[in-house]
Amino acid sequence: MEQNLVNHLIADLNNDDCRTRLQSLEQLQALIKQGKLKQPEPGGFVNNHIHTTYSFSPYSPTKAVWMAYNAGLTTAGIMDHDSISGAKEFIEAGKIVGLATTIGVECRADFSQTDLNGKRINNPDQESVAYVALHGIPHTQIDKVAAYLAPYRKRRNRRNVAMTARLNIMLAKYGIGLDFAKDIVPLSRAKEGGSITERHILYALSLKLISRFGKGEKLVDFLRSKLKLNFSAKLEGYLSDLDNPYYTYDLLGVLKSDLVEHFYLPATDECPPIREVVALVQEIGCILAYAYLGDVGESVTGDKKAQKFEDDYLEQLFEVITELSFNAVTYMPSRNTLEQLLRIKALCRQHNLFEISGEDINTPRQSFICEALARPEFRNLVDSTWALIGHEIAATANLKQAFFAPDVIAKYPNLADRIEIYKAIGQNRFGR
């Protein structure tokens with residue numbers, strides 16, 4: 001009976017109603033305190049890049065916190081595409097389980113008016129556009145960020161509708177079609193300020209394909225012979241396994257790797273100019289980070305094909321982001337080679353840029369834990385996460401106390417010293 005209750009409560013962490021999600025988490029935490037449910041052992045790991053259902057993810061903000069907590073994370077950070085609408089829930093969920101949290105937003109910015117114009121930066125689908133991360137958003141600025149992002153999501157949805165139409169033209173000869181309003185929008189939290197991405201379109205298509213062909217050989221044959229998609233034996237194994245619990249997500253990964261380029265339309269007015277993003281960051285007192293991707297060989301997430309990105313002109317990129325007043329670089333140790341990462345770390349030191357780590361969580365196969373953080377080369381990323389949390393606490397109380405506020409830099413010009421000071425603020429708040 002107790003296990004049935006736990007299962008029910010865990011399922012309700014993804015309920016459509018936010019209050020139900022948080023109440024279910026409170027009940028699970030009560031069971032832990034009563035000794036009826038085992039308390040997770042913290043492992044000292046951190047993750048500042050967790051997507052939720054407010055962009056694309058199997059996890060609501062509450063469920064994401066529960067997953068992070070049970071994985072033994074010491075801290076967790078929300079990072080949705082073009083949306084901050086899950087942040088308040090994420091913060092509240094963290095308080096319920098006693099998990100230190102940080103909030104942010106990932107958006108695509110237009111770099112065409114910089115020296116990176118015409119380059120493939122960190123966006124697999126488009127040149128001159130890069131993903132950037134706004135980390136440590138002060139809680140007093142959440143509503144301002146939400147208002148800023150709303151028109152960009154609206155513009156993105158116009159392109160989403162047009163891309164869905166292009167995809168339908170491709171699929172019409174197979175008798176397959178998607179209705180944006182009926183098939184795609186309901187998979188999102190768009191009505192609550194969430195974003196709709198290419199992943200939503202492909203998830204809807206995955207459901208259609210499974211409904212049409214079932215799971216297994218017939219579907220795999222359609223993907224290879226009709227859609228002409230190339231995918232690894234590993235992914236074929238996933239799609240041949242009829243009992244695969246992550247089947248739809250694995251199918252989405254196959255589609256995203258090879259199909260997007262055939263219906264993709266370039267993003268234009270939905271990507272703010274990078275200097276506009278810099279101005280917003282300076283106004284709201286958060287930390288602007290460039291999201292390093294690096295040349296991709298075999299994709300960790302299974303949804304990126306082998307492709308070259310920033311590595312051939314990395315020094316120039318660092319010069320550009322430094323000139324633009326970026327504060328930080330965020331990277332994912334599990335996704336790159338040690339050689340790539342050591343080069344990034346050296347360039348961060350050279351340009352006095354803050355280092356932030358986060359594992360991009362948007363499918364159920366991805367681990368919330370990055371084992372690479374246990375290596376001595378990356379232990380600084382745990383310290384920087386606590387400093388990020390300390391910044392968020394201080395800047396929420398007073399924007400003039402933000403990590404990169406002019407008065408703070410003048411008082412503590414050495415980045416390493418500032419990290420130690422703000423790390424102490426974060427750890428003292430959470431009794432670490």
# chains A, B, ... in the order shown; residues from 1 in each chain; ligands from 1

call {"tool": "residues_around", "arguments": {"residues": "region 42-55 of chain A", "least_positions_apart": "6", "cutoff": "7 Å", "atoms": "only C-alpha atoms", "output": "PyMOL selection string"}}
result
chain A and resi 61+64+72-81+83+85-86+188-189+194-196+357-362+368-369+373+382

call {"tool": "closest_atom_pairs", "arguments": {"of": "region 273-351 of chain A", "to": "region 410-428 of chain A", "cutoff": "12 Å", "atoms": "only C-alpha atoms", "output": "CSV"}}
result
residue,atom,partner,partner_atom,distance
A:Asn327,CA,A:Leu415,CA,10.7
A:Ala328,CA,A:Leu415,CA,11.2
A:Cys348,CA,A:Leu415,CA,11.1
A:Arg349,CA,A:Leu415,CA,9.6
A:Gln350,CA,A:Leu415,CA,11.9
A:His351,CA,A:Leu415,CA,10.9

call {"tool": "closest_atom_pairs", "arguments": {"of": "region 68-154 of chain A", "to": "region 159-162 of chain A", "cutoff": "12 Å", "atoms": "only C-alpha atoms", "output": "JSON lines"}}
result
{"residue": "A:Tyr152", "atom": "CA", "partner": "A:Arg159", "partner_atom": "CA", "distance": 11.0}
{"residue": "A:Arg153", "atom": "CA", "partner": "A:Arg159", "partner_atom": "CA", "distance": 9.9}
{"residue": "A:Lys154", "atom": "CA", "partner": "A:Arg159", "partner_atom": "CA", "distance": 9.1}

call {"tool": "select_by_dssp", "arguments": {"residues": "region 104-167 of chain A", "states": "alpha helix (DSSP H)", "output": "list in words"}}
result
Ile142, Asp143, Lys144, Val145, Ala146, Ala147, Tyr148, Leu149, Ala150, Pro151, Tyr152, Arg153, Lys154, Arg155, Arg156, Asn157, Arg158, Arg159, Asn160, Val161, Ala162, Met163, Thr164, Ala165, Arg166 and Leu167 of chain A

call {"tool": "write_last_selection", "arguments": {"atoms": "C-alpha atoms", "output": "PDB file, in the first residue's frame"}}
result
ATOM      1  CA  ILE A 142      11.790  36.943 -12.996  1.00  0.00           C
ATOM      2  CA  ASP A 143       8.718  38.826 -14.184  1.00  0.00           C
ATOM      3  CA  LYS A 144      10.838  41.284 -16.185  1.00  0.00           C
ATOM      4  CA  VAL A 145      12.614  38.429 -17.963  1.00  0.00           C
ATOM      5  CA  ALA A 146       9.275  36.719 -18.638  1.00  0.00           C
ATOM      6  CA  ALA A 147       7.916  39.888 -20.235  1.00  0.00           C
ATOM      7  CA  TYR A 148      11.061  40.269 -22.341  1.00  0.00           C
ATOM      8  CA  LEU A 149      10.881  36.710 -23.693  1.00  0.00           C
ATOM      9  CA  ALA A 150       7.139  36.590 -24.477  1.00  0.00           C
ATOM     10  CA  PRO A 151       7.250  38.352 -27.886  1.00  0.00           C
ATOM     11  CA  TYR A 152      10.220  36.231 -28.980  1.00  0.00           C
ATOM     12  CA  ARG A 153       8.260  33.044 -28.239  1.00  0.00           C
ATOM     13  CA  LYS A 154       5.347  34.406 -30.266  1.00  0.00           C
ATOM     14  CA  ARG A 155       7.636  35.020 -33.224  1.00  0.00           C
ATOM     15  CA  ARG A 156       9.156  31.565 -32.815  1.00  0.00           C
ATOM     16  CA  ASN A 157       5.716  29.994 -32.983  1.00  0.00           C
ATOM     17  CA  ARG A 158       5.035  31.638 -36.332  1.00  0.00           C
ATOM     18  CA  ARG A 159       8.129  29.844 -37.626  1.00  0.00           C
ATOM     19  CA  ASN A 160       7.072  26.625 -35.863  1.00  0.00           C
ATOM     20  CA  VAL A 161       3.782  26.708 -37.781  1.00  0.00           C
ATOM     21  CA  ALA A 162       5.618  27.275 -41.053  1.00  0.00           C
ATOM     22  CA  MET A 163       8.092  24.451 -40.341  1.00  0.00           C
ATOM     23  CA  THR A 164       5.233  22.100 -39.492  1.00  0.00           C
ATOM     24  CA  ALA A 165       3.690  22.928 -42.870  1.00  0.00           C
ATOM     25  CA  ARG A 166       6.995  22.150 -44.620  1.00  0.00           C
ATOM     26  CA  LEU A 167       7.258  18.850 -42.759  1.00  0.00           C
TER      27      LEU A 167
END

call {"tool": "closest_residue", "arguments": {"among": "A:Phe404, A:Lys88, A:Phe378, A:Ala100", "to": "Tyr69 (chain A)", "atoms": "only C-alpha atoms"}}
result
A:Ala100

call {"tool": "closest_atom_pairs", "arguments": {"of": "region 247-286 of chain A", "to": "region 120-124 of chain A", "cutoff": "12 Å", "atoms": "only C-alpha atoms", "output": "tab-separated table"}}
result
residue	atom	partner	partner_atom	distance
A:Lys256	CA	A:Pro124	CA	10.5
A:Ser257	CA	A:Pro124	CA	9.5
A:Asp258	CA	A:Pro124	CA	11.1
A:Val260	CA	A:Pro124	CA	9.9
A:Glu261	CA	A:Pro124	CA	9.3
A:Tyr264	CA	A:Pro124	CA	11.1
A:Pro266	CA	A:Asn123	CA	11.2
A:Ala267	CA	A:Asn123	CA	11.1

call {"tool": "select_by_dssp", "arguments": {"residues": "region 13-189 of chain A", "states": "strand (DSSP E or B)", "output": "list in words"}}
result
Phe45, Ile50, Leu73, Thr75, Ala76, Gly77, Ile78, Met79, Asp80, His81, Ala100, Thr101, Thr102, Ile103, Gly104, Val105, Glu106, Cys107, Arg108, Ala109, Asp110, Val129, Ala130, Tyr131, Val132, Ala133, Leu134 and His135 of chain A

call {"tool": "write_last_selection", "arguments": {"atoms": "N, CA and C atoms", "output": "short mmCIF file (atom, residue, chain, number, x, y, z; two decimals), in the first residue's frame"}}
result
data_model
loop_
_atom_site.label_atom_id
_atom_site.label_comp_id
_atom_site.auth_asym_id
_atom_site.auth_seq_id
_atom_site.Cartn_x
_atom_site.Cartn_y
_atom_site.Cartn_z
N PHE A 45 27.76 16.44 -6.28
CA PHE A 45 27.74 16.87 -7.67
C PHE A 45 26.77 18.03 -7.86
N ILE A 50 19.37 22.16 -16.37
CA ILE A 50 18.28 21.17 -16.43
C ILE A 50 17.07 21.78 -17.11
N LEU A 73 22.35 15.04 -6.27
CA LEU A 73 22.92 16.35 -6.55
C LEU A 73 22.89 17.22 -5.29
N THR A 75 23.29 20.62 -5.73
CA THR A 75 22.61 21.80 -6.24
C THR A 75 21.99 21.44 -7.58
N ALA A 76 20.99 22.22 -8.00
CA ALA A 76 20.36 21.99 -9.30
C ALA A 76 19.94 23.33 -9.89
N GLY A 77 20.08 23.47 -11.23
CA GLY A 77 19.73 24.71 -11.89
C GLY A 77 18.79 24.50 -13.05
N ILE A 78 17.73 25.29 -13.11
CA ILE A 78 16.78 25.22 -14.22
C ILE A 78 17.30 26.08 -15.37
N MET A 79 17.14 25.58 -16.61
CA MET A 79 17.64 26.30 -17.78
C MET A 79 16.76 25.95 -18.97
N ASP A 80 15.63 26.66 -19.09
CA ASP A 80 14.71 26.39 -20.20
C ASP A 80 14.99 27.31 -21.38
N HIS A 81 14.58 26.86 -22.57
CA HIS A 81 14.73 27.65 -23.78
C HIS A 81 13.66 28.74 -23.84
N ALA A 100 19.67 23.14 -2.84
CA ALA A 100 20.06 24.47 -3.32
C ALA A 100 19.78 24.57 -4.82
N THR A 101 19.15 25.66 -5.23
CA THR A 101 18.79 25.82 -6.64
C THR A 101 19.33 27.13 -7.21
N THR A 102 19.41 27.15 -8.52
CA THR A 102 19.73 28.37 -9.25
C THR A 102 18.86 28.39 -10.50
N ILE A 103 18.54 29.60 -10.97
CA ILE A 103 17.62 29.70 -12.10
C ILE A 103 18.26 30.46 -13.26
N GLY A 104 17.85 30.08 -14.47
CA GLY A 104 18.39 30.74 -15.65
C GLY A 104 17.53 30.49 -16.87
N VAL A 105 17.97 31.04 -17.99
CA VAL A 105 17.27 30.91 -19.27
C VAL A 105 18.31 30.71 -20.36
N GLU A 106 17.98 29.85 -21.32
CA GLU A 106 18.83 29.69 -22.50
C GLU A 106 18.11 30.30 -23.70
N CYS A 107 18.80 31.12 -24.45
CA CYS A 107 18.17 31.69 -25.63
C CYS A 107 19.16 31.74 -26.78
N ARG A 108 18.61 31.90 -27.98
CA ARG A 108 19.46 32.03 -29.17
C ARG A 108 19.59 33.51 -29.48
N ALA A 109 20.80 33.96 -29.73
CA ALA A 109 21.05 35.36 -30.01
C ALA A 109 21.70 35.52 -31.38
N ASP A 110 21.40 36.63 -32.02
CA ASP A 110 21.91 36.93 -33.35
C ASP A 110 23.29 37.58 -33.24
N VAL A 129 24.10 32.46 -35.45
CA VAL A 129 23.20 32.43 -34.29
C VAL A 129 23.81 31.50 -33.25
N ALA A 130 23.83 31.96 -31.99
CA ALA A 130 24.44 31.15 -30.93
C ALA A 130 23.53 31.05 -29.73
N TYR A 131 23.63 29.92 -29.05
CA TYR A 131 22.95 29.74 -27.77
C TYR A 131 23.77 30.42 -26.68
N VAL A 132 23.09 31.20 -25.86
CA VAL A 132 23.73 31.82 -24.70
C VAL A 132 22.86 31.52 -23.47
N ALA A 133 23.48 31.54 -22.32
CA ALA A 133 22.77 31.20 -21.08
C ALA A 133 22.80 32.40 -20.13
N LEU A 134 21.64 32.74 -19.61
CA LEU A 134 21.52 33.77 -18.58
C LEU A 134 21.41 33.04 -17.24
N HIS A 135 22.50 33.03 -16.48
CA HIS A 135 22.55 32.28 -15.23
C HIS A 135 22.31 33.20 -14.03
#

call {"tool": "residues_around", "arguments": {"residues": "region 284-299 of chain A", "least_positions_apart": "3", "cutoff": "8 Å", "atoms": "only C-alpha atoms", "output": "JSON list (two decimals) with C-alpha atoms, in the first residue's frame"}}
result
[["chain", "number", "residue", "atom", "x", "y", "z"],
["A", 122, "ASN", "CA", 27.16, 26.52, -31.40],
["A", 131, "TYR", "CA", 22.95, 29.74, -27.77],
["A", 132, "VAL", "CA", 23.73, 31.82, -24.70],
["A", 133, "ALA", "CA", 22.77, 31.20, -21.08],
["A", 134, "LEU", "CA", 21.52, 33.77, -18.58],
["A", 135, "HIS", "CA", 22.55, 32.28, -15.23],
["A", 136, "GLY", "CA", 21.72, 33.32, -11.69],
["A", 137, "ILE", "CA", 18.73, 35.53, -12.49],
["A", 138, "PRO", "CA", 17.79, 37.51, -9.35],
["A", 141, "GLN", "CA", 13.75, 40.08, -12.01],
["A", 278, "VAL", "CA", 23.96, 42.00, -23.03],
["A", 280, "LEU", "CA", 19.23, 43.08, -20.57],
["A", 281, "VAL", "CA", 21.77, 41.12, -18.51],
["A", 302, "GLY", "CA", 22.17, 10.82, -29.66],
["A", 303, "ASP", "CA", 20.48, 13.71, -31.45],
["A", 304, "LYS", "CA", 23.46, 15.55, -32.95],
["A", 305, "LYS", "CA", 25.32, 14.40, -36.02],
["A", 306, "ALA", "CA", 29.09, 14.71, -36.36],
["A", 307, "GLN", "CA", 29.71, 18.37, -37.09],
["A", 308, "LYS", "CA", 32.31, 21.10, -36.63],
["A", 309, "PHE", "CA", 31.52, 24.12, -34.48],
["A", 310, "GLU", "CA", 33.79, 26.61, -32.68],
["A", 311, "ASP", "CA", 37.06, 24.78, -32.24],
["A", 321, "ILE", "CA", 32.55, 37.46, -26.26],
["A", 326, "PHE", "CA", 30.19, 38.25, -21.48],
["A", 327, "ASN", "CA", 30.82, 37.21, -17.88],
["A", 328, "ALA", "CA", 31.25, 33.45, -18.23],
["A", 329, "VAL", "CA", 31.50, 30.31, -20.31],
["A", 330, "THR", "CA", 29.34, 27.29, -19.55],
["A", 331, "TYR", "CA", 30.36, 23.82, -20.72],
["A", 332, "MET", "CA", 29.43, 20.17, -20.24],
["A", 335, "ARG", "CA", 30.23, 15.96, -23.88],
["A", 336, "ASN", "CA", 33.77, 16.95, -24.81],
["A", 340, "GLN", "CA", 38.84, 20.37, -25.64],
["A", 356, "ILE", "CA", 29.99, 27.28, -15.13],
["A", 392, "GLU", "CA", 21.68, 34.75, -6.84],
["A", 395, "ALA", "CA", 21.53, 39.94, -6.13],
["A", 399, "LEU", "CA", 21.16, 44.15, -7.47],
["A", 400, "LYS", "CA", 24.21, 46.19, -6.52],
["A", 402, "ALA", "CA", 25.47, 40.91, -7.93],
["A", 403, "PHE", "CA", 28.68, 38.99, -8.66],
["A", 404, "PHE", "CA", 29.55, 41.22, -11.63],
["A", 405, "ALA", "CA", 28.11, 44.50, -10.32]]

call {"tool": "residues_around", "arguments": {"residues": "Leu28 (chain A)", "least_positions_apart": "3", "cutoff": "8 Å", "atoms": "only C-alpha atoms", "output": "PyMOL selection string"}}
result
chain A and resi 6+9-10+24-25+31-32+37

call {"tool": "residues_around", "arguments": {"residues": "Arg224 (chain A)", "least_positions_apart": "4", "cutoff": "12 Å", "atoms": "only C-alpha atoms", "output": "list in words"}}
result
Glu217, Lys218, Leu219, Val220, Lys228, Leu229, Asn230, Phe231, Ser232, Glu236, Val254, Leu255, Asp258 and Leu259 of chain A

call {"tool": "write_last_selection", "arguments": {"atoms": "N, CA and C atoms", "output": "PDB file, in the first residue's frame"}}
result
ATOM      1  N   GLU A 217      10.657  -3.337 -36.305  1.00  0.00           N
ATOM      2  CA  GLU A 217      11.221  -3.493 -37.646  1.00  0.00           C
ATOM      3  C   GLU A 217      10.533  -2.648 -38.705  1.00  0.00           C
ATOM      4  N   LYS A 218       9.219  -2.587 -38.697  1.00  0.00           N
ATOM      5  CA  LYS A 218       8.484  -1.851 -39.727  1.00  0.00           C
ATOM      6  C   LYS A 218       8.814  -0.356 -39.657  1.00  0.00           C
ATOM      7  N   LEU A 219       8.906   0.167 -38.456  1.00  0.00           N
ATOM      8  CA  LEU A 219       9.234   1.579 -38.279  1.00  0.00           C
ATOM      9  C   LEU A 219      10.685   1.854 -38.675  1.00  0.00           C
ATOM     10  N   VAL A 220      11.607   0.997 -38.256  1.00  0.00           N
ATOM     11  CA  VAL A 220      13.018   1.168 -38.603  1.00  0.00           C
ATOM     12  C   VAL A 220      13.190   1.153 -40.123  1.00  0.00           C
ATOM     13  N   LYS A 228      15.129   8.020 -45.511  1.00  0.00           N
ATOM     14  CA  LYS A 228      16.566   8.033 -45.810  1.00  0.00           C
ATOM     15  C   LYS A 228      17.401   8.557 -44.641  1.00  0.00           C
ATOM     16  N   LEU A 229      17.056   8.150 -43.438  1.00  0.00           N
ATOM     17  CA  LEU A 229      17.781   8.592 -42.257  1.00  0.00           C
ATOM     18  C   LEU A 229      18.902   7.623 -41.936  1.00  0.00           C
ATOM     19  N   ASN A 230      20.037   8.160 -41.546  1.00  0.00           N
ATOM     20  CA  ASN A 230      21.172   7.347 -41.123  1.00  0.00           C
ATOM     21  C   ASN A 230      21.290   7.403 -39.613  1.00  0.00           C
ATOM     22  N   PHE A 231      21.387   6.255 -38.980  1.00  0.00           N
ATOM     23  CA  PHE A 231      21.564   6.227 -37.533  1.00  0.00           C
ATOM     24  C   PHE A 231      22.338   4.990 -37.149  1.00  0.00           C
ATOM     25  N   SER A 232      22.943   5.065 -35.975  1.00  0.00           N
ATOM     26  CA  SER A 232      23.883   4.043 -35.535  1.00  0.00           C
ATOM     27  C   SER A 232      23.183   2.731 -35.179  1.00  0.00           C
ATOM     28  N   GLU A 236      19.537   1.926 -33.562  1.00  0.00           N
ATOM     29  CA  GLU A 236      18.662   0.921 -34.167  1.00  0.00           C
ATOM     30  C   GLU A 236      18.270  -0.130 -33.131  1.00  0.00           C
ATOM     31  N   VAL A 254      16.663  10.213 -33.180  1.00  0.00           N
ATOM     32  CA  VAL A 254      17.000   9.821 -34.555  1.00  0.00           C
ATOM     33  C   VAL A 254      16.483  10.863 -35.544  1.00  0.00           C
ATOM     34  N   LEU A 255      15.254  11.290 -35.348  1.00  0.00           N
ATOM     35  CA  LEU A 255      14.661  12.276 -36.247  1.00  0.00           C
ATOM     36  C   LEU A 255      15.396  13.613 -36.162  1.00  0.00           C
ATOM     37  N   ASP A 258      18.893  13.870 -38.174  1.00  0.00           N
ATOM     38  CA  ASP A 258      18.988  13.883 -39.643  1.00  0.00           C
ATOM     39  C   ASP A 258      17.824  14.555 -40.367  1.00  0.00           C
ATOM     40  N   LEU A 259      16.685  14.703 -39.715  1.00  0.00           N
ATOM     41  CA  LEU A 259      15.490  15.170 -40.427  1.00  0.00           C
ATOM     42  C   LEU A 259      15.316  16.684 -40.380  1.00  0.00           C
TER      43      LEU A 259
END
